[in-house]
Amino acid sequence: MKTLLEEIKASIKNNYNQDRSFWRPVLPWGGVFTIKAGRKAVSCTPLYVEIRLKNTCTIDGFLMLLYVILHENETFPRELSLHLGREFVDCFLYLMDTYSFTTVKLLWIWDKMEKQQYKSEVYKASLIIDLFGNEHDNFTKNLENLMSTIQESYCSNWRCPTRVQEDQQRTININPPQEIPHGNLIRLAVDELFCSRIELCEECGRYNKTLVNRNPPNQDPQLTGFFFLHSSLEERCGGLREFSQRIFSHGAPPFVVLNMQHWKSEDLAYVPYYLDLSDHKYLLEGATLFNKEEHHYSAAFQIDGHWMHYDGLRNVNLILLNKPPEFLLLSSLVYIRATEK
């Protein structure tokens, strides 16, 4: 029996009739897992015999991307096992290979998600799990410390209340530039997050000042000398803060997810096909897309240089594209680490 990825690759290779859709549904939206109850099922608690999944698009696109990334890069499963656990990675690949789509979603939900990240209720004989929400909350934030980064900064003002700072982030959130410059906006935003720089320190604190007044008003004119007035003022530091290069806390990860949910379509005229992150080159592998009207996520990714679009909600949910997709409804960009030569 061929694995799922082998079937997809065969479909791409044998695309003689220009039929650009895969022959069977792949990782369809939702899912039903039937529990094989024995004779003692009547006495079991809770009393349900199936699990129904709803609104799974918040994890579906990323699970599809994760499957392709792990299969297409020989060393990545071992590297990812250090963060997600070897048992999880092996089980995930086996379930995807064997088309066990509902089970692989339950694996992610129960192994990686917190209970408060989804809603669940028992209705009649079913346990219903609803994943409605944000895909970055349901997937990206559950990648353990895979993409953790750290950046240190030091202020030149010795009176700065926090001269030395350390900024740690578990995910990679890049914001569009406030002033729209010319050039590649995404690369500029990434450089702003990762590159070293010097800027005016904006820390606020209370500073003691001594003011000298030689002839204070309403005082005896026969008095001479200096009068010292002490005050405590709150103001900005004003020193120069030097930021070091942001680095990955646990070494360069096999892939990174850039959270793009705050970007507008007009700012996405150009999506870079590679990025330099902390002295490592990363290549564009795919993206997740968000339709605001339907509140629905889909995904696009590459296999052997061919772009495919995945949408678990559609009957024909995996389609070979004639050209790279237009990234106008971006939720995230996914880059894989380039192979060192």
# chains A, B, ... in the order shown; residues from 1 in each chain; ligands from 1
>>> select_by_dssp(residues="range 52-179 of chain A", states="strand (DSSP E or B)", output="VMD selection string")
chain A and resid 52 to 54 119 to 123 126 to 130 149 to 155 164 to 169 172 to 173
>>> closest_atom_pairs(of="range 96-194 of chain A", to="range 58-82 of chain A", cutoff="10 Å", atoms="only C-alpha atoms", output="Markdown table")
| residue | atom | partner | partner_atom | distance |
| --- | --- | --- | --- | --- |
| A:Met96 | CA | A:Tyr67 | CA | 7.2 |
| A:Asp97 | CA | A:Tyr67 | CA | 8.9 |
| A:Phe101 | CA | A:Asp60 | CA | 9.6 |
| A:Val104 | CA | A:Leu63 | CA | 8.7 |
| A:Lys105 | CA | A:Asp60 | CA | 7.9 |
| A:Trp108 | CA | A:Ile59 | CA | 8.6 |
| A:Ile109 | CA | A:Ile59 | CA | 9.1 |
| A:Leu131 | CA | A:Thr58 | CA | 6.7 |
| A:Phe132 | CA | A:Thr58 | CA | 7.0 |
| A:Gly133 | CA | A:Thr58 | CA | 6.8 |
| A:Asn134 | CA | A:Thr58 | CA | 6.2 |
| A:Glu135 | CA | A:Thr58 | CA | 4.2 |
| A:His136 | CA | A:Thr58 | CA | 7.9 |
| A:Asp137 | CA | A:Thr58 | CA | 8.6 |
| A:Asn138 | CA | A:Thr58 | CA | 6.5 |
| A:Phe139 | CA | A:Ile59 | CA | 5.9 |
| A:Thr140 | CA | A:Phe62 | CA | 8.5 |
| A:Leu143 | CA | A:Leu80 | CA | 9.5 |
| A:Asn145 | CA | A:Leu82 | CA | 9.9 |
| A:Leu146 | CA | A:Leu80 | CA | 7.9 |
>>> closest_residue(among="A:Leu5, A:Tyr273, A:Val122, A:Asn55", to="Leu93 in chain A", atoms="only C-alpha atoms")
A:Leu5
>>> select_by_dssp(residues="range 51-220 of chain A", states="helix (DSSP H, G or I)", output="PyMOL selection string")
chain A and resi 57-72+76-84+86-97+101-112+115-117+135-138+140-142+185-194
>>> write_last_selection(atoms="C-alpha atoms", output="PDB file, in the first residue's frame")
ATOM      1  CA  CYS A  57      -9.479  24.001   9.815  1.00  0.00           C
ATOM      2  CA  THR A  58      -7.554  25.766  12.602  1.00  0.00           C
ATOM      3  CA  ILE A  59      -5.142  22.798  12.656  1.00  0.00           C
ATOM      4  CA  ASP A  60      -5.758  21.032   9.308  1.00  0.00           C
ATOM      5  CA  GLY A  61      -3.595  23.245   7.101  1.00  0.00           C
ATOM      6  CA  PHE A  62      -0.641  23.118   9.474  1.00  0.00           C
ATOM      7  CA  LEU A  63      -0.930  19.339   9.898  1.00  0.00           C
ATOM      8  CA  MET A  64      -0.778  18.973   6.117  1.00  0.00           C
ATOM      9  CA  LEU A  65       2.258  21.255   5.930  1.00  0.00           C
ATOM     10  CA  LEU A  66       3.950  19.436   8.807  1.00  0.00           C
ATOM     11  CA  TYR A  67       3.443  16.096   7.059  1.00  0.00           C
ATOM     12  CA  VAL A  68       5.011  17.299   3.804  1.00  0.00           C
ATOM     13  CA  ILE A  69       7.920  19.001   5.577  1.00  0.00           C
ATOM     14  CA  LEU A  70       8.800  15.925   7.645  1.00  0.00           C
ATOM     15  CA  HIS A  71       8.613  13.564   4.661  1.00  0.00           C
ATOM     16  CA  GLU A  72      10.556  15.774   2.270  1.00  0.00           C
ATOM     17  CA  PHE A  76      13.841  16.928  10.169  1.00  0.00           C
ATOM     18  CA  PRO A  77      11.931  14.091  11.938  1.00  0.00           C
ATOM     19  CA  ARG A  78      14.889  13.466  14.236  1.00  0.00           C
ATOM     20  CA  GLU A  79      15.337  17.201  14.934  1.00  0.00           C
ATOM     21  CA  LEU A  80      11.650  17.767  15.584  1.00  0.00           C
ATOM     22  CA  SER A  81      11.599  14.782  17.938  1.00  0.00           C
ATOM     23  CA  LEU A  82      13.776  16.794  20.324  1.00  0.00           C
ATOM     24  CA  HIS A  83      10.933  19.299  20.724  1.00  0.00           C
ATOM     25  CA  LEU A  84       7.724  17.333  20.174  1.00  0.00           C
ATOM     26  CA  ARG A  86       9.929  10.932  19.062  1.00  0.00           C
ATOM     27  CA  GLU A  87       6.804   8.930  19.846  1.00  0.00           C
ATOM     28  CA  PHE A  88       4.592  11.799  18.668  1.00  0.00           C
ATOM     29  CA  VAL A  89       6.534  12.311  15.415  1.00  0.00           C
ATOM     30  CA  ASP A  90       6.568   8.587  14.561  1.00  0.00           C
ATOM     31  CA  CYS A  91       2.866   8.197  15.352  1.00  0.00           C
ATOM     32  CA  PHE A  92       1.964  11.344  13.409  1.00  0.00           C
ATOM     33  CA  LEU A  93       3.751  10.174  10.252  1.00  0.00           C
ATOM     34  CA  TYR A  94       2.260   6.676  10.507  1.00  0.00           C
ATOM     35  CA  LEU A  95      -1.304   7.975  10.866  1.00  0.00           C
ATOM     36  CA  MET A  96      -0.917  10.378   7.930  1.00  0.00           C
ATOM     37  CA  ASP A  97       0.726   7.710   5.781  1.00  0.00           C
ATOM     38  CA  PHE A 101      -7.097  11.529   9.346  1.00  0.00           C
ATOM     39  CA  THR A 102      -9.454  11.800  12.325  1.00  0.00           C
ATOM     40  CA  THR A 103      -7.034   9.914  14.551  1.00  0.00           C
ATOM     41  CA  VAL A 104      -4.130  12.202  13.627  1.00  0.00           C
ATOM     42  CA  LYS A 105      -6.230  15.224  14.591  1.00  0.00           C
ATOM     43  CA  LEU A 106      -7.047  13.631  17.946  1.00  0.00           C
ATOM     44  CA  LEU A 107      -3.344  12.947  18.416  1.00  0.00           C
ATOM     45  CA  TRP A 108      -2.608  16.655  18.041  1.00  0.00           C
ATOM     46  CA  ILE A 109      -5.534  17.724  20.238  1.00  0.00           C
ATOM     47  CA  TRP A 110      -4.787  15.415  23.140  1.00  0.00           C
ATOM     48  CA  ASP A 111      -0.999  15.400  22.946  1.00  0.00           C
ATOM     49  CA  LYS A 112      -0.226  19.050  22.162  1.00  0.00           C
ATOM     50  CA  LYS A 115      -7.912  21.660  27.500  1.00  0.00           C
ATOM     51  CA  GLN A 116      -8.809  25.373  27.615  1.00  0.00           C
ATOM     52  CA  GLN A 117      -7.844  25.791  23.945  1.00  0.00           C
ATOM     53  CA  GLU A 135      -4.910  28.681  14.075  1.00  0.00           C
ATOM     54  CA  HIS A 136      -1.915  30.295  15.775  1.00  0.00           C
ATOM     55  CA  ASP A 137      -3.473  29.591  19.171  1.00  0.00           C
ATOM     56  CA  ASN A 138      -4.370  26.016  18.213  1.00  0.00           C
ATOM     57  CA  THR A 140       1.797  27.499  16.362  1.00  0.00           C
ATOM     58  CA  LYS A 141       1.795  28.181  20.105  1.00  0.00           C
ATOM     59  CA  ASN A 142       1.827  24.423  20.789  1.00  0.00           C
ATOM     60  CA  LEU A 185       8.246  44.792   3.328  1.00  0.00           C
ATOM     61  CA  ILE A 186       8.283  41.276   4.770  1.00  0.00           C
ATOM     62  CA  ARG A 187      12.061  41.038   4.649  1.00  0.00           C
ATOM     63  CA  LEU A 188      12.359  44.503   6.194  1.00  0.00           C
ATOM     64  CA  ALA A 189      10.016  43.480   9.026  1.00  0.00           C
ATOM     65  CA  VAL A 190      11.973  40.266   9.631  1.00  0.00           C
ATOM     66  CA  ASP A 191      15.258  42.184   9.683  1.00  0.00           C
ATOM     67  CA  GLU A 192      13.793  44.623  12.204  1.00  0.00           C
ATOM     68  CA  LEU A 193      12.987  41.704  14.505  1.00  0.00           C
ATOM     69  CA  PHE A 194      16.222  39.719  14.070  1.00  0.00           C
TER      70      PHE A 194
END
>>> closest_residue(among="A:Ser332, A:His306, A:Met260, A:Pro324", to="Asn15 in chain A", atoms="only C-alpha atoms")
A:His306
>>> closest_residue(among="A:Asn184, A:Asn173, A:Gln151, A:Gln178", to="Ala269 in chain A", atoms="only C-alpha atoms")
A:Asn184
>>> decode(residues="range 117-157 of chain A", atoms="N, CA and C atoms", output="compact mmCIF listing (two decimals), in the first residue's frame")
# COMPACT_ATOMS: atom_id res chain seq x y z
N GLN A 117 -7.99 25.28 25.31
CA GLN A 117 -7.84 25.79 23.94
C GLN A 117 -8.98 25.35 23.03
N TYR A 118 -9.85 24.48 23.50
CA TYR A 118 -10.98 24.05 22.67
C TYR A 118 -12.19 23.80 23.56
N LYS A 119 -13.35 23.77 22.92
CA LYS A 119 -14.59 23.51 23.65
C LYS A 119 -15.00 22.06 23.43
N SER A 120 -15.57 21.46 24.46
CA SER A 120 -16.05 20.08 24.32
C SER A 120 -17.33 19.92 25.13
N GLU A 121 -18.20 19.07 24.62
CA GLU A 121 -19.45 18.78 25.32
C GLU A 121 -19.94 17.41 24.90
N VAL A 122 -20.71 16.78 25.77
CA VAL A 122 -21.31 15.50 25.44
C VAL A 122 -22.74 15.74 25.00
N TYR A 123 -23.05 15.29 23.79
CA TYR A 123 -24.41 15.43 23.25
C TYR A 123 -24.89 14.06 22.83
N LYS A 124 -25.94 13.59 23.50
CA LYS A 124 -26.46 12.23 23.28
C LYS A 124 -25.32 11.24 23.47
N ALA A 125 -24.95 10.51 22.42
CA ALA A 125 -23.90 9.49 22.59
C ALA A 125 -22.57 9.94 21.99
N SER A 126 -22.41 11.28 21.81
CA SER A 126 -21.19 11.78 21.17
C SER A 126 -20.47 12.79 22.07
N LEU A 127 -19.15 12.72 22.04
CA LEU A 127 -18.32 13.77 22.60
C LEU A 127 -17.97 14.71 21.45
N ILE A 128 -18.37 15.96 21.53
CA ILE A 128 -18.13 16.93 20.47
C ILE A 128 -16.98 17.85 20.88
N ILE A 129 -15.96 17.91 20.04
CA ILE A 129 -14.81 18.79 20.27
C ILE A 129 -14.81 19.85 19.19
N ASP A 130 -14.89 21.12 19.59
CA ASP A 130 -14.98 22.24 18.66
C ASP A 130 -13.69 23.05 18.71
N LEU A 131 -13.00 23.15 17.56
CA LEU A 131 -11.72 23.86 17.49
C LEU A 131 -11.86 25.25 16.88
N PHE A 132 -13.05 25.81 16.90
CA PHE A 132 -13.26 27.15 16.35
C PHE A 132 -12.33 28.14 17.06
N GLY A 133 -11.67 28.99 16.28
CA GLY A 133 -10.78 29.96 16.88
C GLY A 133 -9.69 30.38 15.93
N ASN A 134 -8.49 30.58 16.48
CA ASN A 134 -7.34 31.09 15.73
C ASN A 134 -6.32 29.97 15.55
N GLU A 135 -5.83 29.79 14.32
CA GLU A 135 -4.91 28.68 14.08
C GLU A 135 -3.57 28.85 14.81
N HIS A 136 -3.17 30.09 15.06
CA HIS A 136 -1.91 30.29 15.78
C HIS A 136 -2.05 29.89 17.24
N ASP A 137 -3.24 30.06 17.80
CA ASP A 137 -3.47 29.59 19.17
C ASP A 137 -3.54 28.07 19.22
N ASN A 138 -4.15 27.46 18.20
CA ASN A 138 -4.37 26.02 18.21
C ASN A 138 -3.18 25.21 17.72
N PHE A 139 -2.29 25.85 16.95
CA PHE A 139 -1.16 25.09 16.41
C PHE A 139 0.19 25.71 16.76
N THR A 140 0.45 26.92 16.25
CA THR A 140 1.80 27.50 16.36
C THR A 140 2.27 27.59 17.81
N LYS A 141 1.39 28.01 18.71
CA LYS A 141 1.79 28.18 20.11
C LYS A 141 2.02 26.85 20.82
N ASN A 142 1.66 25.74 20.17
CA ASN A 142 1.83 24.42 20.79
C ASN A 142 3.04 23.66 20.25
N LEU A 143 3.95 24.38 19.60
CA LEU A 143 5.16 23.76 19.06
C LEU A 143 6.29 23.77 20.08
N GLU A 144 5.93 23.79 21.35
CA GLU A 144 6.91 23.79 22.45
C GLU A 144 7.87 24.97 22.27
N ASN A 145 9.18 24.71 22.36
CA ASN A 145 10.18 25.78 22.24
C ASN A 145 10.89 25.76 20.90
N LEU A 146 10.23 25.19 19.89
CA LEU A 146 10.85 25.01 18.58
C LEU A 146 11.37 26.32 18.01
N MET A 147 10.58 27.39 18.08
CA MET A 147 10.95 28.66 17.46
C MET A 147 11.32 29.73 18.49
N SER A 148 11.65 29.35 19.70
CA SER A 148 11.99 30.32 20.74
C SER A 148 13.23 31.13 20.34
N THR A 149 13.14 32.44 20.53
CA THR A 149 14.27 33.32 20.22
C THR A 149 14.56 34.20 21.43
N ILE A 150 15.77 34.79 21.43
CA ILE A 150 16.17 35.67 22.51
C ILE A 150 17.00 36.81 21.92
N GLN A 151 16.81 38.00 22.47
CA GLN A 151 17.56 39.18 22.04
C GLN A 151 17.90 40.02 23.27
N GLU A 152 19.16 40.41 23.40
CA GLU A 152 19.61 41.22 24.51
C GLU A 152 19.81 42.66 24.05
N SER A 153 19.64 43.59 25.00
CA SER A 153 19.88 45.00 24.68
C SER A 153 20.52 45.67 25.89
N TYR A 154 21.28 46.75 25.60
CA TYR A 154 22.03 47.44 26.65
C TYR A 154 21.93 48.93 26.41
N CYS A 155 21.58 49.70 27.44
CA CYS A 155 21.41 51.15 27.33
C CYS A 155 22.69 51.87 27.77
N SER A 156 23.04 52.95 27.04
CA SER A 156 24.26 53.71 27.33
C SER A 156 24.11 54.60 28.56
N ASN A 157 22.88 54.86 28.98
CA ASN A 157 22.62 55.75 30.12
C ASN A 157 22.73 54.95 31.42
